[in-house]
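What follows is the content of data-v3.cif (mmCIF, C-alpha atoms).
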data_run
loop_
_atom_site.label_atom_id
_atom_site.label_comp_id
_atom_site.auth_asym_id
_atom_site.auth_seq_id
_atom_site.Cartn_x
_atom_site.Cartn_y
_atom_site.Cartn_z
CA MET A 94 12.49 26.48 0.71
CA ASP A 95 14.42 23.47 -0.64
CA ILE A 96 13.94 22.15 -4.18
CA ILE A 97 11.68 19.22 -3.20
CA GLY A 98 9.56 21.41 -0.95
CA GLY A 99 9.25 24.00 -3.73
CA CYS A 100 8.17 21.35 -6.24
CA LEU A 101 5.52 19.99 -3.88
CA TRP A 102 4.25 23.51 -3.20
CA ARG A 103 4.01 24.25 -6.93
CA LEU A 104 2.31 20.89 -7.55
CA GLU A 105 -0.32 21.77 -4.94
CA GLN A 106 -0.91 25.10 -6.69
CA LEU A 107 -1.38 23.38 -10.03
CA ARG A 108 -3.85 20.88 -8.57
CA CYS A 109 -5.86 23.75 -7.11
CA PHE A 110 -5.86 25.55 -10.44
CA VAL A 111 -7.04 22.45 -12.35
CA ALA A 112 -9.85 21.85 -9.84
CA VAL A 113 -11.14 25.41 -10.23
CA ALA A 114 -10.68 25.30 -14.02
CA GLU A 115 -12.76 22.12 -14.25
CA GLU A 116 -15.45 23.12 -11.77
CA LEU A 117 -15.50 26.86 -12.60
CA HIS A 118 -16.58 27.34 -9.00
CA PHE A 119 -14.27 27.93 -6.04
CA GLY A 120 -16.63 26.34 -3.48
CA ARG A 121 -17.10 23.09 -5.40
CA ALA A 122 -13.39 22.93 -6.28
CA ALA A 123 -12.41 23.41 -2.63
CA GLN A 124 -14.79 20.66 -1.53
CA ARG A 125 -13.44 18.33 -4.22
CA ILE A 126 -9.83 18.52 -3.04
CA GLY A 127 -10.54 19.00 0.67
CA LEU A 128 -9.43 22.62 1.16
CA LEU A 129 -11.13 25.73 2.47
CA PRO A 130 -12.17 28.13 -0.34
CA GLY A 131 -9.89 30.86 1.03
CA SER A 132 -6.87 28.56 1.03
CA LEU A 133 -7.71 27.38 -2.49
CA GLY A 134 -7.96 30.95 -3.74
CA ARG A 135 -4.58 31.82 -2.20
CA HIS A 136 -2.93 28.87 -4.02
CA VAL A 137 -4.37 30.03 -7.34
CA ARG A 138 -3.25 33.66 -6.79
CA LEU A 139 0.28 32.53 -5.93
CA LEU A 140 0.37 30.44 -9.12
CA GLU A 141 -0.74 33.46 -11.17
CA GLU A 142 1.98 35.57 -9.58
CA SER A 143 4.52 32.85 -10.32
CA VAL A 144 3.65 32.54 -14.02
CA GLY A 145 3.10 36.31 -14.35
CA SER A 146 -0.33 36.05 -15.94
CA GLN A 147 -4.00 36.01 -14.94
CA LEU A 148 -5.35 32.49 -15.40
CA LEU A 149 -8.92 32.93 -14.19
CA SER A 150 -11.41 35.70 -14.74
CA ARG A 151 -13.47 36.18 -11.59
CA THR A 152 -16.69 38.05 -10.99
CA THR A 153 -19.14 37.86 -8.10
CA ARG A 154 -21.31 35.56 -10.21
CA SER A 155 -18.95 33.46 -12.30
CA VAL A 156 -15.46 32.08 -12.87
CA SER A 157 -14.01 31.57 -16.34
CA LEU A 158 -10.64 30.73 -17.87
CA THR A 159 -8.52 33.34 -19.58
CA GLU A 160 -6.65 32.49 -22.77
CA ASP A 161 -3.49 31.79 -20.72
CA GLY A 162 -5.59 29.71 -18.32
CA VAL A 163 -6.85 27.51 -21.15
CA ALA A 164 -3.30 27.05 -22.45
CA LEU A 165 -1.95 26.14 -19.01
CA LEU A 166 -4.80 23.71 -18.35
CA GLU A 167 -4.03 21.84 -21.58
CA GLU A 168 -0.37 21.54 -20.60
CA VAL A 169 -0.91 20.63 -16.95
CA ARG A 170 -3.69 18.04 -17.18
CA PRO A 171 -1.62 15.25 -18.80
CA LEU A 172 1.30 15.99 -16.45
CA LEU A 173 -0.86 15.62 -13.33
CA ALA A 174 -2.51 12.50 -14.74
CA ARG A 175 0.92 10.98 -15.31
CA LEU A 176 2.02 11.88 -11.77
CA ASP A 177 -1.13 10.25 -10.36
CA GLU A 178 -0.46 7.15 -12.44
CA LEU A 179 3.12 6.95 -11.17
CA GLY A 180 1.93 7.43 -7.61
CA GLN A 181 -0.54 4.56 -7.89
CA LYS A 182 2.11 2.35 -9.47
CA PHE A 183 4.63 2.95 -6.69
CA ARG A 184 1.99 2.52 -3.98
CA ALA A 185 0.96 -0.79 -5.53
CA ARG A 186 4.61 -1.82 -5.77
CA HIS A 187 5.16 -0.97 -2.11
CA HIS A 188 2.02 -2.91 -1.18
CA ARG A 189 3.25 -5.98 -3.07
CA ARG A 190 6.71 -5.67 -1.57
CA SER A 191 5.45 -5.39 2.00
CA ARG A 192 2.59 -7.95 1.75
CA ILE A 193 2.81 -10.65 4.40
CA LEU A 194 0.75 -13.82 4.26
CA ARG A 195 0.33 -15.19 7.78
CA ILE A 196 -0.06 -18.96 7.82
CA GLY A 197 -0.77 -21.11 10.84
CA ALA A 198 -0.05 -24.83 10.71
CA ILE A 199 -0.09 -27.89 12.90
CA ASP A 200 3.22 -29.73 13.09
CA SER A 201 2.24 -32.28 10.42
CA ALA A 202 1.49 -29.60 7.83
CA ALA A 203 4.49 -27.48 8.82
CA ALA A 204 6.87 -30.40 8.36
CA GLY A 205 5.24 -32.26 5.47
CA LEU A 206 3.04 -30.12 3.23
CA LEU A 207 4.16 -26.52 3.62
CA PRO A 208 7.84 -26.62 2.64
CA THR A 209 6.95 -27.72 -0.91
CA LEU A 210 3.85 -25.51 -1.11
CA ILE A 211 5.69 -22.36 0.03
CA HIS A 212 8.58 -23.09 -2.37
CA ASP A 213 6.15 -23.29 -5.30
CA PHE A 214 4.21 -20.22 -4.15
CA ARG A 215 7.37 -18.10 -4.09
CA ALA A 216 7.84 -18.84 -7.79
CA ILE A 217 4.48 -17.22 -8.64
CA ALA A 218 4.40 -14.55 -5.90
CA PRO A 219 8.01 -13.57 -5.10
CA ASP A 220 6.99 -10.28 -3.45
CA VAL A 221 4.77 -11.95 -0.83
CA LYS A 222 6.50 -12.78 2.44
CA ILE A 223 5.33 -15.88 4.29
CA GLN A 224 5.07 -15.68 8.06
CA LEU A 225 4.60 -19.19 9.45
CA MET A 226 3.24 -19.90 12.91
CA GLU A 227 3.28 -23.49 14.12
CA GLY A 228 0.79 -24.57 16.75
CA LYS A 229 -2.04 -26.90 17.66
CA SER A 230 -5.48 -26.60 16.08
CA ILE A 231 -7.08 -25.50 19.35
CA ARG A 232 -4.78 -22.45 19.39
CA LEU A 233 -4.67 -21.70 15.67
CA VAL A 234 -8.44 -21.49 15.19
CA PRO A 235 -9.01 -18.69 17.77
CA LYS A 236 -6.08 -16.75 16.28
CA LEU A 237 -7.59 -17.13 12.80
CA LEU A 238 -10.97 -15.86 14.06
CA ALA A 239 -9.29 -12.90 15.77
CA GLY A 240 -7.58 -11.82 12.53
CA GLY A 241 -4.07 -12.84 13.58
CA LEU A 242 -3.75 -15.35 10.72
CA ASP A 243 -4.78 -15.31 7.06
CA LEU A 244 -5.27 -19.08 6.85
CA ALA A 245 -4.49 -22.15 8.93
CA PHE A 246 -3.79 -25.82 8.30
CA ILE A 247 -5.59 -27.72 11.03
CA ARG A 248 -7.25 -30.94 12.11
CA PRO A 249 -10.94 -30.31 11.32
CA ARG A 250 -13.63 -31.02 13.87
CA PRO A 251 -17.44 -30.77 13.91
CA GLY A 252 -19.08 -27.56 15.02
CA MET A 253 -16.38 -25.10 13.95
CA SER A 254 -17.28 -21.41 13.67
CA ARG A 255 -19.75 -20.46 10.92
CA HIS A 256 -17.42 -17.56 10.12
CA LEU A 257 -14.80 -20.00 8.85
CA ALA A 258 -14.49 -21.67 5.48
CA VAL A 259 -13.01 -25.13 6.05
CA GLU A 260 -11.78 -27.25 3.15
CA ASP A 261 -10.72 -30.86 3.66
CA LEU A 262 -7.42 -31.66 1.95
CA PHE A 263 -6.37 -35.25 2.60
CA SER A 264 -5.77 -37.75 5.37
CA GLU A 265 -2.27 -38.51 6.60
CA THR A 266 -1.16 -42.10 6.96
CA THR A 267 0.06 -43.15 10.39
CA VAL A 268 2.92 -45.42 11.42
CA VAL A 269 3.99 -47.06 14.66
CA ALA A 270 7.17 -45.79 16.30
CA VAL A 271 9.01 -48.77 17.85
CA PRO A 272 12.27 -48.85 19.84
CA ALA A 273 15.06 -50.33 17.70
CA SER A 274 15.63 -52.97 20.39
CA HIS A 275 11.96 -54.06 20.47
CA GLU A 276 10.96 -57.50 19.19
CA LEU A 277 8.70 -55.87 16.57
CA ALA A 278 11.48 -53.70 15.15
CA ASP A 279 12.42 -56.25 12.48
CA HIS A 280 8.84 -56.63 11.20
CA LYS A 281 7.81 -55.09 7.88
CA ASN A 282 4.56 -53.89 9.44
CA VAL A 283 2.50 -54.36 12.59
CA SER A 284 -1.14 -55.03 13.34
CA VAL A 285 -3.19 -53.75 16.26
CA LEU A 286 -3.01 -57.27 17.72
CA ASP A 287 0.80 -56.94 17.84
CA LEU A 288 0.28 -53.86 20.02
CA ALA A 289 -2.27 -55.48 22.34
CA ASN A 290 0.04 -55.77 25.34
CA ALA A 291 2.59 -53.11 24.43
CA PRO A 292 2.91 -49.97 26.57
CA LEU A 293 1.84 -46.96 24.50
CA ILE A 294 2.74 -43.28 24.51
CA VAL A 295 -0.18 -41.06 23.50
CA PRO A 296 -0.72 -37.30 23.27
CA ASP A 297 -2.92 -35.36 25.66
CA ARG A 298 -6.48 -35.48 24.30
CA ARG A 299 -7.16 -31.85 25.27
CA SER A 300 -4.46 -30.57 22.92
CA ARG A 301 -4.40 -33.31 20.25
CA PRO A 302 -7.85 -34.94 20.21
CA HIS A 303 -7.49 -36.42 16.70
CA SER A 304 -4.25 -38.25 17.46
CA TYR A 305 -5.49 -39.47 20.82
CA ASP A 306 -8.84 -40.68 19.45
CA LEU A 307 -7.14 -42.40 16.52
CA THR A 308 -5.21 -44.68 18.89
CA MET A 309 -8.22 -45.34 21.10
CA ASN A 310 -10.56 -46.03 18.16
CA LEU A 311 -8.05 -48.37 16.51
CA PHE A 312 -7.97 -50.54 19.61
CA ALA A 313 -11.72 -50.29 20.20
CA ALA A 314 -12.42 -51.53 16.65
CA ALA A 315 -10.36 -54.63 17.44
CA GLY A 316 -12.11 -55.16 20.76
CA LEU A 317 -8.98 -54.21 22.71
CA HIS A 318 -8.05 -51.64 25.29
CA PRO A 319 -4.66 -49.89 24.92
CA ASP A 320 -2.09 -49.96 27.69
CA ILE A 321 -1.28 -46.28 28.05
CA ALA A 322 2.07 -45.98 29.78
CA GLN A 323 2.85 -42.31 29.16
CA VAL A 324 1.16 -39.09 27.98
CA ALA A 325 3.27 -36.56 26.08
CA ASP A 326 2.47 -33.58 23.90
CA GLU A 327 5.06 -32.86 21.21
CA LYS A 328 5.98 -35.37 18.51
CA GLN A 329 9.72 -34.95 19.10
CA THR A 330 9.19 -35.72 22.80
CA ILE A 331 7.13 -38.80 21.98
CA VAL A 332 9.78 -40.11 19.56
CA SER A 333 12.51 -39.51 22.16
CA MET A 334 10.50 -41.47 24.73
CA VAL A 335 10.12 -44.31 22.26
CA ALA A 336 13.89 -44.29 21.69
CA ALA A 337 14.37 -44.51 25.47
CA GLY A 338 12.25 -47.66 25.56
CA LEU A 339 9.31 -46.14 27.44
CA GLY A 340 6.74 -47.44 24.98
CA LEU A 341 5.41 -47.49 21.40
CA ALA A 342 3.45 -44.73 19.69
CA ILE A 343 1.10 -44.34 16.74
CA VAL A 344 2.20 -41.16 14.95
CA PRO A 345 1.74 -39.42 11.56
CA ARG A 346 4.02 -40.72 8.82
CA TRP A 347 5.97 -37.43 8.60
CA THR A 348 7.29 -38.10 12.12
CA SER A 349 9.61 -40.72 10.62
CA SER A 350 11.68 -37.79 9.26
CA LEU A 351 12.66 -36.84 12.82
CA ALA A 352 16.21 -37.96 13.44
CA SER A 353 16.31 -40.70 16.03
CA ALA A 354 18.80 -43.54 15.86
CA GLY A 355 16.92 -45.68 18.37
CA VAL A 356 13.51 -45.76 16.63
CA ARG A 357 11.96 -47.63 13.72
CA PHE A 358 8.72 -46.56 12.04
CA LEU A 359 6.49 -49.41 10.82
CA PRO A 360 3.30 -49.25 8.71
CA VAL A 361 0.08 -50.39 10.36
CA GLN A 362 -1.20 -53.60 8.78
CA GLU A 363 -4.88 -53.55 7.83
CA GLY A 364 -6.84 -56.25 9.61
CA ALA A 365 -10.15 -57.85 8.62
CA GLY A 366 -12.73 -55.10 8.27
CA GLN A 367 -10.17 -52.45 9.23
CA THR A 368 -8.42 -49.77 7.21
CA THR A 369 -5.11 -48.08 7.83
CA PRO A 370 -5.68 -45.40 10.47
CA LYS A 371 -5.33 -41.87 9.12
CA LEU A 372 -5.42 -38.29 10.40
CA PRO A 373 -7.44 -35.65 8.49
CA LEU A 374 -5.87 -32.36 7.40
CA ALA A 375 -7.86 -29.29 6.37
CA VAL A 376 -7.23 -25.63 5.55
CA ALA A 377 -9.39 -22.87 7.05
CA TRP A 378 -9.82 -19.13 6.49
CA MET A 379 -12.27 -16.34 7.29
CA LYS A 380 -15.23 -16.27 4.88
CA ALA A 381 -15.76 -12.52 4.98
CA VAL A 382 -12.15 -11.50 4.34
CA ARG A 383 -10.99 -10.86 0.78
CA ASP A 384 -7.33 -11.67 0.22
CA PRO A 385 -5.93 -12.21 -3.32
CA GLU A 386 -2.59 -13.59 -2.09
CA ARG A 387 -4.32 -16.12 0.15
CA ASP A 388 -6.63 -17.14 -2.71
CA ALA A 389 -3.64 -17.54 -5.04
CA LEU A 390 -2.00 -19.91 -2.56
CA LEU A 391 -5.23 -21.88 -2.15
CA ASP A 392 -5.58 -22.17 -5.93
CA LEU A 393 -2.01 -23.48 -6.18
CA LEU A 394 -2.72 -25.97 -3.39
CA ARG A 395 -5.88 -27.28 -5.07
CA ARG A 396 -4.22 -27.68 -8.47
CA ASN A 397 -1.32 -29.67 -7.03
CA LEU A 398 -3.00 -31.40 -4.09
CA GLU A 399 -2.10 -34.89 -5.25
CA ILE A 400 1.60 -33.97 -5.39
CA TYR A 401 1.57 -32.22 -2.02
CA SER A 402 -0.34 -35.02 -0.30
CA ALA A 403 2.26 -37.53 -1.49
CA ALA A 404 5.00 -35.42 0.12
CA ALA A 405 3.13 -35.04 3.41
#

Representation of the structure as structure tokens:
Amino acid sequence: MDIIGGCLWRLEQLRCFVAVAEELHFGRAAQRIGLLPGSLGRHVRLLEESVGSQLLSRTTRSVSLTEDGVALLEEVRPLLARLDELGQKFRARHHRRSRILRIGAIDSAAAGLLPTLIHDFRAIAPDVKIQLMEGKSIRLVPKLLAGGLDLAFIRPRPGMSRHLAVEDLFSETTVVAVPASHELADHKNVSVLDLANAPLIVPDRRSRPHSYDLTMNLFAAAGLHPDIAQVADEKQTIVSMVAAGLGLAIVPRWTSSLASAGVRFLPVQEGAGQTTPKLPLAVAWMKAVRDPERDALLDLLRRNLEIYSAAA
């Protein structure tokens, strides 16, 4: 038997001895540590042979400690307690080291909010690894409900699952993406009236209902109907289409960070009775799931929301 195996074998014998010494009953001691009474008794006998002394006095009615048994118990108890303490410490360390926080995010949050948030979170939880999954709200929510994500940054909508906690964060300002060659490109801002006859590129409502409805509602509030020239899904695709002169698009402000030499991004001018169109952002998680790392990130987010919203 190698040294490590011998140490583990002796440790098991000592644990068996302590259980019997504390219970003074082989049946209860065996039940306590999950062994059969016969196996427990064999461990104790082997320990007695090893130390060369009887540790327990056994009769058909009782079990008691001998003088050597009392002495060994006093020596062994603090050693086993220390080993248990070390074991718990290393298991906790391994848990912290291997902990993964799975975050889902729509493109706006992934590009605007999360880089700064994750950077700050690493400073307070360096052992937690962040696994980021980017997707649309309609795909992130089912994954969150199925346990595949710990939290998700989404566009909130009415009637979401009662199993979810949903916390509104802020609303993202929108801008109008205009081809650099367009007559509006030199303006400081644009109004919905400026877009009345312009061909527009909008996302598919089935996958991005908030963005689609924002464009439609903006025109409806002004008594206009948008000229939809093209439907596209991803923001990068929409911006590329704008650069190619296929139309204009109302997009979240963060989209202006996408590199595109042929596009200008202009603020939307508030008209009479109108406010700047915005897109809501919320964070969601499962109500019934306890997760200290997730809660630590949420606490950090709440305390610095004003800073993070300015960066988004």

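If all atoms listed in the file are the atoms counted, then among A:Gly338, A:Thr159, A:Arg387, A:Ile231 the closest residue to Pro302 (chain A) is A:Ile231.
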
Subject >> Expected selection from the PyMOL selection byres ((chain A and resi 354-359) around 8), given as a list in words >> reply: Val268, Val269, Ala270, Val271, Pro272, Ala273, Ser274, Ala278, His280, Lys281, Asn282, Val283, Val332, Val335, Ala336, Ala337, Ser349, Ala352, Ser353, Pro360 and Val361 of chain A

Output file for the selection above: C-alpha atoms, as a short mmCIF file (atom, residue, chain, number, x, y, z; two decimals), in the frame of the given file:
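Ended up saving to again.cif:
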data_model
loop_
_atom_site.label_atom_id
_atom_site.label_comp_id
_atom_site.auth_asym_id
_atom_site.auth_seq_id
_atom_site.Cartn_x
_atom_site.Cartn_y
_atom_site.Cartn_z
CA VAL A 268 2.92 -45.42 11.42
CA VAL A 269 3.99 -47.06 14.66
CA ALA A 270 7.17 -45.79 16.30
CA VAL A 271 9.01 -48.77 17.85
CA PRO A 272 12.27 -48.85 19.84
CA ALA A 273 15.06 -50.33 17.70
CA SER A 274 15.63 -52.97 20.39
CA ALA A 278 11.48 -53.70 15.15
CA HIS A 280 8.84 -56.63 11.20
CA LYS A 281 7.81 -55.09 7.88
CA ASN A 282 4.56 -53.89 9.44
CA VAL A 283 2.50 -54.36 12.59
CA VAL A 332 9.78 -40.11 19.56
CA VAL A 335 10.12 -44.31 22.26
CA ALA A 336 13.89 -44.29 21.69
CA ALA A 337 14.37 -44.51 25.47
CA SER A 349 9.61 -40.72 10.62
CA ALA A 352 16.21 -37.96 13.44
CA SER A 353 16.31 -40.70 16.03
CA PRO A 360 3.30 -49.25 8.71
CA VAL A 361 0.08 -50.39 10.36
#

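CA of Ala289 (chain A) lies 6.8 Å from CA of Leu317 (chain A).
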
Could you write out as JSON the box around region 137-156 of chain A (axis-aligned, all atoms listed in the file, 8 Å on each side), with centre and edge lengths in Å to one decimal?
{"center_x": -8.4, "center_y": 34.0, "center_z": -10.9, "size_x": 41.8, "size_y": 24.0, "size_z": 26.0}

**OP:** For each of A:Arg299, A:Lys380, A:Lys182, A:His118, take the minimum atom-to-atom distance to Ser150 (chain A), counting only C-alpha atoms, then give the residue where this is smallest.
**Re:** A:His118

Original post:
For Asp326 (chain A), which of A:Arg395, A:Lys371, A:Lys229, A:His275 is the closest residue, counting only C-alpha atoms?
Top reply: A:Lys229

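Of the listed residues A:Ile343, A:Ile321, A:Leu158, A:Leu176, the one whose atoms come nearest to Leu307 (chain A) is A:Ile343, with distances taken using all atoms listed in the file.
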
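The space separating CA of Thr209 (chain A) from CA of Leu194 (chain A) comes to 16.1 Å.
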
Original post:
Do you know which residues are at most 7 Å from Asp297 (chain A) counting only C-alpha atoms, after dropping those on the same chain fewer than 5 positions away, and could you put them as a list in words?
Top reply: Tyr305, Val324, Ala325 and Asp326 of chain A

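Neighbouring residues of region 251-266 of chain A at 6 Å or closer, counting only C-alpha atoms and skipping chain neighbours under 4 positions away, are Arg346, Lys371, Leu372, Pro373, Leu374, Ala375, Val376, Ala377, Trp378, Met379 and Lys380 of chain A.
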
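Distances to Gly162 (chain A) were evaluated for A:Ala313, A:Val111, A:Val295, A:Ala245 using only C-alpha atoms, and the minimum falls at A:Val111.
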
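Reported to one decimal place, the separation of CA of Phe214 (chain A) from CA of Ser304 (chain A) is 29.4 Å.
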
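For the residues A:Leu288, A:Ile193, A:Ala114, A:Val169, ranking by smallest atom-to-atom distance to Leu148 (chain A) using all atoms listed in the file places A:Ala114 first.
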
Original post:
Which residues, written as a ChimeraX atom specification, have at least one atom at most 12 Å from Val144 (chain A), with only C-alpha atoms counted and residues fewer than 2 positions away on the same chain left out?
Top reply: /A:103,106-107,137-142,146-148,161-162,165

Would you put the residues from that selection into a file with C-alpha atoms, as a compact mmCIF listing (two decimals), keeping the file's coordinate frame?
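Once written, selection09.txt looks like this:
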# COMPACT_ATOMS: atom_id res chain seq x y z
CA ARG A 103 4.01 24.25 -6.93
CA GLN A 106 -0.91 25.10 -6.69
CA LEU A 107 -1.38 23.38 -10.03
CA VAL A 137 -4.37 30.03 -7.34
CA ARG A 138 -3.25 33.66 -6.79
CA LEU A 139 0.28 32.53 -5.93
CA LEU A 140 0.37 30.44 -9.12
CA GLU A 141 -0.74 33.46 -11.17
CA GLU A 142 1.98 35.57 -9.58
CA SER A 146 -0.33 36.05 -15.94
CA GLN A 147 -4.00 36.01 -14.94
CA LEU A 148 -5.35 32.49 -15.40
CA ASP A 161 -3.49 31.79 -20.72
CA GLY A 162 -5.59 29.71 -18.32
CA LEU A 165 -1.95 26.14 -19.01

**OP:** Would you list the contacts of Glu116 (chain A) as a list in words, taking every protein, DNA or RNA residue within 12 Å and counting all atoms listed in the file, but skipping same-chain residues closer than 6 positions in sequence?
**Re:** Cys109, Phe110, Ala122, Ala123, Gln124, Arg125, Ile126, Ser155, Val156, Ser157 and Leu158 of chain A

Requested write-out: C-alpha atoms of the selected residues, as an mmCIF file, keeping the file's coordinate frame:
data_model
loop_
_atom_site.group_PDB
_atom_site.id
_atom_site.type_symbol
_atom_site.label_atom_id
_atom_site.label_comp_id
_atom_site.auth_asym_id
_atom_site.auth_seq_id
_atom_site.Cartn_x
_atom_site.Cartn_y
_atom_site.Cartn_z
ATOM 1 C CA CYS A 109 -5.860 23.750 -7.110
ATOM 2 C CA PHE A 110 -5.860 25.550 -10.440
ATOM 3 C CA ALA A 122 -13.390 22.930 -6.280
ATOM 4 C CA ALA A 123 -12.410 23.410 -2.630
ATOM 5 C CA GLN A 124 -14.790 20.660 -1.530
ATOM 6 C CA ARG A 125 -13.440 18.330 -4.220
ATOM 7 C CA ILE A 126 -9.830 18.520 -3.040
ATOM 8 C CA SER A 155 -18.950 33.460 -12.300
ATOM 9 C CA VAL A 156 -15.460 32.080 -12.870
ATOM 10 C CA SER A 157 -14.010 31.570 -16.340
ATOM 11 C CA LEU A 158 -10.640 30.730 -17.870
#

Subject >> Expected selection from the PyMOL selection byres ((chain A and resi 203) around 10), given as number ranges by chain >> reply: A: 196-202, 204-208, 225-228, 246, 405

N, CA and C atoms restored at region 160-173 of chain A, emitted as a PDB file, keeping the file's coordinate frame:
ATOM      1  N   GLU A 160      -7.360  33.191 -21.689  1.00  0.00           N
ATOM      2  CA  GLU A 160      -6.650  32.490 -22.770  1.00  0.00           C
ATOM      3  C   GLU A 160      -5.417  31.769 -22.230  1.00  0.00           C
ATOM      4  N   ASP A 161      -4.664  32.438 -21.336  1.00  0.00           N
ATOM      5  CA  ASP A 161      -3.490  31.790 -20.720  1.00  0.00           C
ATOM      6  C   ASP A 161      -3.924  30.635 -19.819  1.00  0.00           C
ATOM      7  N   GLY A 162      -5.083  30.778 -19.171  1.00  0.00           N
ATOM      8  CA  GLY A 162      -5.590  29.710 -18.320  1.00  0.00           C
ATOM      9  C   GLY A 162      -5.910  28.458 -19.116  1.00  0.00           C
ATOM     10  N   VAL A 163      -6.543  28.645 -20.273  1.00  0.00           N
ATOM     11  CA  VAL A 163      -6.850  27.510 -21.150  1.00  0.00           C
ATOM     12  C   VAL A 163      -5.567  26.822 -21.603  1.00  0.00           C
ATOM     13  N   ALA A 164      -4.563  27.618 -21.980  1.00  0.00           N
ATOM     14  CA  ALA A 164      -3.300  27.050 -22.450  1.00  0.00           C
ATOM     15  C   ALA A 164      -2.602  26.269 -21.347  1.00  0.00           C
ATOM     16  N   LEU A 165      -2.602  26.833 -20.119  1.00  0.00           N
ATOM     17  CA  LEU A 165      -1.950  26.140 -19.010  1.00  0.00           C
ATOM     18  C   LEU A 165      -2.686  24.857 -18.654  1.00  0.00           C
ATOM     19  N   LEU A 166      -4.013  24.901 -18.680  1.00  0.00           N
ATOM     20  CA  LEU A 166      -4.800  23.710 -18.350  1.00  0.00           C
ATOM     21  C   LEU A 166      -4.475  22.563 -19.309  1.00  0.00           C
ATOM     22  N   GLU A 167      -4.344  22.874 -20.598  1.00  0.00           N
ATOM     23  CA  GLU A 167      -4.030  21.840 -21.580  1.00  0.00           C
ATOM     24  C   GLU A 167      -2.656  21.230 -21.345  1.00  0.00           C
ATOM     25  N   GLU A 168      -1.719  22.046 -20.868  1.00  0.00           N
ATOM     26  CA  GLU A 168      -0.370  21.540 -20.600  1.00  0.00           C
ATOM     27  C   GLU A 168      -0.311  20.735 -19.301  1.00  0.00           C
ATOM     28  N   VAL A 169      -1.050  21.191 -18.300  1.00  0.00           N
ATOM     29  CA  VAL A 169      -0.910  20.630 -16.950  1.00  0.00           C
ATOM     30  C   VAL A 169      -1.681  19.329 -16.760  1.00  0.00           C
ATOM     31  N   ARG A 170      -2.861  19.232 -17.381  1.00  0.00           N
ATOM     32  CA  ARG A 170      -3.690  18.040 -17.180  1.00  0.00           C
ATOM     33  C   ARG A 170      -2.951  16.727 -17.424  1.00  0.00           C
ATOM     34  N   PRO A 171      -2.315  16.533 -18.586  1.00  0.00           N
ATOM     35  CA  PRO A 171      -1.620  15.250 -18.800  1.00  0.00           C
ATOM     36  C   PRO A 171      -0.461  15.038 -17.840  1.00  0.00           C
ATOM     37  N   LEU A 172       0.196  16.137 -17.405  1.00  0.00           N
ATOM     38  CA  LEU A 172       1.300  15.990 -16.450  1.00  0.00           C
ATOM     39  C   LEU A 172       0.795  15.492 -15.104  1.00  0.00           C
ATOM     40  N   LEU A 173      -0.299  16.059 -14.610  1.00  0.00           N
ATOM     41  CA  LEU A 173      -0.860  15.620 -13.330  1.00  0.00           C
ATOM     42  C   LEU A 173      -1.396  14.199 -13.417  1.00  0.00           C
TER      43      LEU A 173
END
